[in-house]
Amino acid sequence: MNPLNPRQDIDVRPIRDDGVPEWTRALNTGFLRPPSVSEAEIADRGGYLVPERTLGAFDGERCVGTFRSFPQEITAVGGAAVRAAAITNVTVTSTHRRRGILTRMMARELAAAEERGDVVATLIAAEYPIYGRYGFGAATTAAEWTVDVPRTGLDPRRAGPEDGGRVDLVDADEVRKTGPELYERFRRAQPGAVDRSERWWRIATGALLLDRVTWTEPFHAVYRDARGEVEGLLSYTVDDRWGDAKQPLQTAKVTDLIAVSPAAERALWRYVCSIDWVTRVRTGWRAPDDLLPHLLPDPRAAAITSQADWLWVRILDVVAALEARTYAATGALVLEVTDGQGAAGGRYRLDASPEGVSCVRTTEDAELTLGIAELSELWLGGESAVRLAALGRVREERAGAGPLADALLRTSRRPWCPDIF
Ligand SMILES: CC(=O)SCCNC(=O)CCNC(=O)[C@H](O)C(C)(C)COP(=O)(O)OP(=O)(O)OC[C@H]1O[C@@H](n2cnc3c(N)ncnc32)[C@H](O)[C@@H]1OP(=O)(O)O
C-alpha cells in the first residue's frame, strides 16, 4: 500500500461533461506542469475530449488519475488503414502512484477497445518500462541526426533540385491548405504513420496557440515536381546564435519533413542543409533508416544524436491485424500467442503470400511461441523474431520458425510514425 495515502476506495470512471477543469488540473499535476487551468485550456480541451473515453481516477471528488483514448487510423504494411485506440494523457498523481490505478484504467480501456472492434491500441510511452506489462510492444523506433553543415560537402550553388522541380517558401495558410492532402498521400504509403487531425495542423501552423507551449513560428517550404505538384513539405525553426568572432552559428531545427517521393526528400534535405548562416541542422525524430545521410556528399556529416523506441502497439485482434497487412514472401506459420490481460491469446495459423493472407485459430502444433507484446512489436515489420528469440522473448518450437517469421513479417524499409500524440 502507498503510505502517502492509505485510502483504497479510488473510483475509476469516465468524466462528466462538467469534469474537464478538474481532470485537466490532475493531468497538469501528473505531467509536472503548473497545475492551474486557464479558461483557454478548458475551452480547447472541451472541444476535442470525448467524455465517455476520458477516464478519471477519483479519491472522493479529487481527480488523481487521468487517461483517455481517441479513434485513430494506423497504416499497416501494404497501406491498409487499421482502426486503433490511441491512448494518451496517462497520469497518476504522485501521492497515489504504485497502487494499481494505471492498471485499472488500462484494463478498462483495453476491454472497451476490444468491444468497439478496434484492431490495435497505440501510444507513445513517456518511459520504456511502463507499458510492456499491458501487452504493448515498441513497434517503431526513431532517430535524430545532427548535421554538421560545413562538413556535408554540399555546394549551395548546386543544392537545388536537378529534376525540374523547385523549392518555395510558403506561409501558414498555404500549409493548412496543401499539408493535409500531402500528408494523407504520405501516410497511406508509410507503415506506422497515423492520421492527423485538423487541430494538429492548426497547432503546427500557429492558428491555435496553446498557453502551455512556447511557440516559435516556423518557416515552411514545399517541393513541387516539374509538373507543379506538391510532393514534400518542410517546416523548420532557426535559432539566433553568433560566435565571438562574429561567425554565424545558427541551428535549424526541422519540426516536420514529409515527402511522397525520393526527389522531394532529397530536395528538401539539401535545401535546409544549404541555408546561409545555418551551420547545424537538427533533423527531429525520423525513421531509423531515413535517407538523409546518404543524400549528402559526405554522409558522416550527419551523426545520430538520439535514438529511441517511438510508437508502441498492442494488438487486440490477432486475426484482423495479421490479415490487414501484406506479405512479400510465401509461407505458413503456427503461432502460440500468450496474452495475460486480453482475449488475443491462442494458437493461430498464418498463411501468407504476396497474393493474399489468411489467419485462423488452429489446434495444430505451435512453431513459434510469443507474447502479444512481441507479436505487436513484429507486426509493422520493424523488429526481428530471430533477434527476439536471442533475447529470450520468443521461443522456436520448430527449428527455423524464427527466420521464417522474419521472411514473412519483416519489411525492406522500417516502419515510422512521425507524430507524437
Ligand atoms: C501514453 C502516455 O500518456 S505516456 C505518459 C505516462 N505518464 C507519466 O509518465 C507521468 C508520470 N508517471 C505517472 O503518472 C505514473 O507513474 C504512471 C501513470 C506512469 C503509472 O501509474 P501507477 O498508478 O503508479 O501505475 P500502477 O500502480 O498501476 O503500476 C503497475 C505496475 O507498473 C509499474 N510501473 C508503473 N510506472 C512505472 C514506471 N514509470 N517505471 C517502471 N515501472 C512502472 C509499477 O511498479 C507496477 O508494477 P508491479 O505490478 O510489478 O507492482
# chains A, B, ... in the order shown; residues from 1 in each chain; ligands from 1
>>> residues_near_ligand(ligand="ligand 1", cutoff="6 Å", atoms="only C-alpha atoms and all ligand atoms", output="JSON, numbers by chain")
{"A": [30, 31, 87, 88, 89, 90, 91, 92, 93, 97, 98, 99, 100, 101, 102, 103, 123, 124, 125, 126, 127, 129, 130]}
>>> write_last_selection(atoms="C-alpha atoms", output="tab-separated table (two decimals), in the first residue's frame")
chain	number	residue	atom	x	y	z
A	30	GLY	CA	0.73	14.41	-13.22
A	31	PHE	CA	2.90	15.84	-16.00
A	87	ILE	CA	-4.09	6.19	-25.69
A	88	THR	CA	-2.75	9.45	-24.27
A	89	ASN	CA	-2.74	11.82	-21.28
A	90	VAL	CA	-1.92	9.00	-18.85
A	91	THR	CA	-1.07	10.26	-15.37
A	92	VAL	CA	-1.44	9.26	-11.77
A	93	THR	CA	-0.81	12.00	-9.18
A	97	ARG	CA	1.27	6.13	-7.56
A	98	ARG	CA	2.17	2.43	-7.49
A	99	ARG	CA	-1.11	1.18	-6.13
A	100	GLY	CA	-2.57	-0.09	-9.36
A	101	ILE	CA	-4.51	2.94	-10.60
A	102	LEU	CA	-2.93	2.89	-14.08
A	103	THR	CA	-3.51	-0.87	-14.27
A	123	LEU	CA	0.60	5.06	-27.59
A	124	ILE	CA	3.86	6.96	-27.26
A	125	ALA	CA	5.47	5.91	-23.98
A	126	ALA	CA	6.92	8.51	-21.60
A	127	GLU	CA	9.19	5.83	-20.12
A	129	PRO	CA	9.18	0.18	-18.61
A	130	ILE	CA	5.55	1.30	-18.24
>>> residues_around(residues="stretch 321-323 of chain A", least_positions_apart="3", cutoff="12 Å", atoms="only C-alpha atoms", output="ChimeraX atom specification")
/A:74-78,80-84,117-121,313-318,326-327,333,335,344,348-353,356-360,372,375-376,378-381,408-409
>>> residues_around(residues="stretch 36-49 of chain A", least_positions_apart="4", cutoff="7 Å", atoms="only C-alpha atoms", output="PDB file with C-alpha atoms, in the first residue's frame")
ATOM      1  CA  VAL A  20     -12.964  18.907 -17.776  1.00  0.00           C
ATOM      2  CA  PRO A  21     -11.397  21.535 -15.419  1.00  0.00           C
ATOM      3  CA  THR A  24      -7.162  18.923 -16.638  1.00  0.00           C
ATOM      4  CA  ARG A  25      -5.782  20.072 -13.271  1.00  0.00           C
ATOM      5  CA  THR A  54     -11.843  10.194 -20.894  1.00  0.00           C
TER       6      THR A  54
END
>>> select_by_dssp(residues="stretch 87-257 of chain A", states="strand (DSSP E or B)", output="ChimeraX atom specification")
/A:87-92,120-124,137-138,141-148,166-170,194,219-224,230-238,242,248,250-257
>>> residues_around(residues="stretch 201-214 of chain A", least_positions_apart="4", cutoff="12 Å", atoms="only C-alpha atoms", output="count of residues only")
42
>>> residues_around(residues="A:Thr283", least_positions_apart="6", cutoff="7 Å", atoms="only C-alpha atoms", output="number ranges by chain")
A: 144-146, 253-254
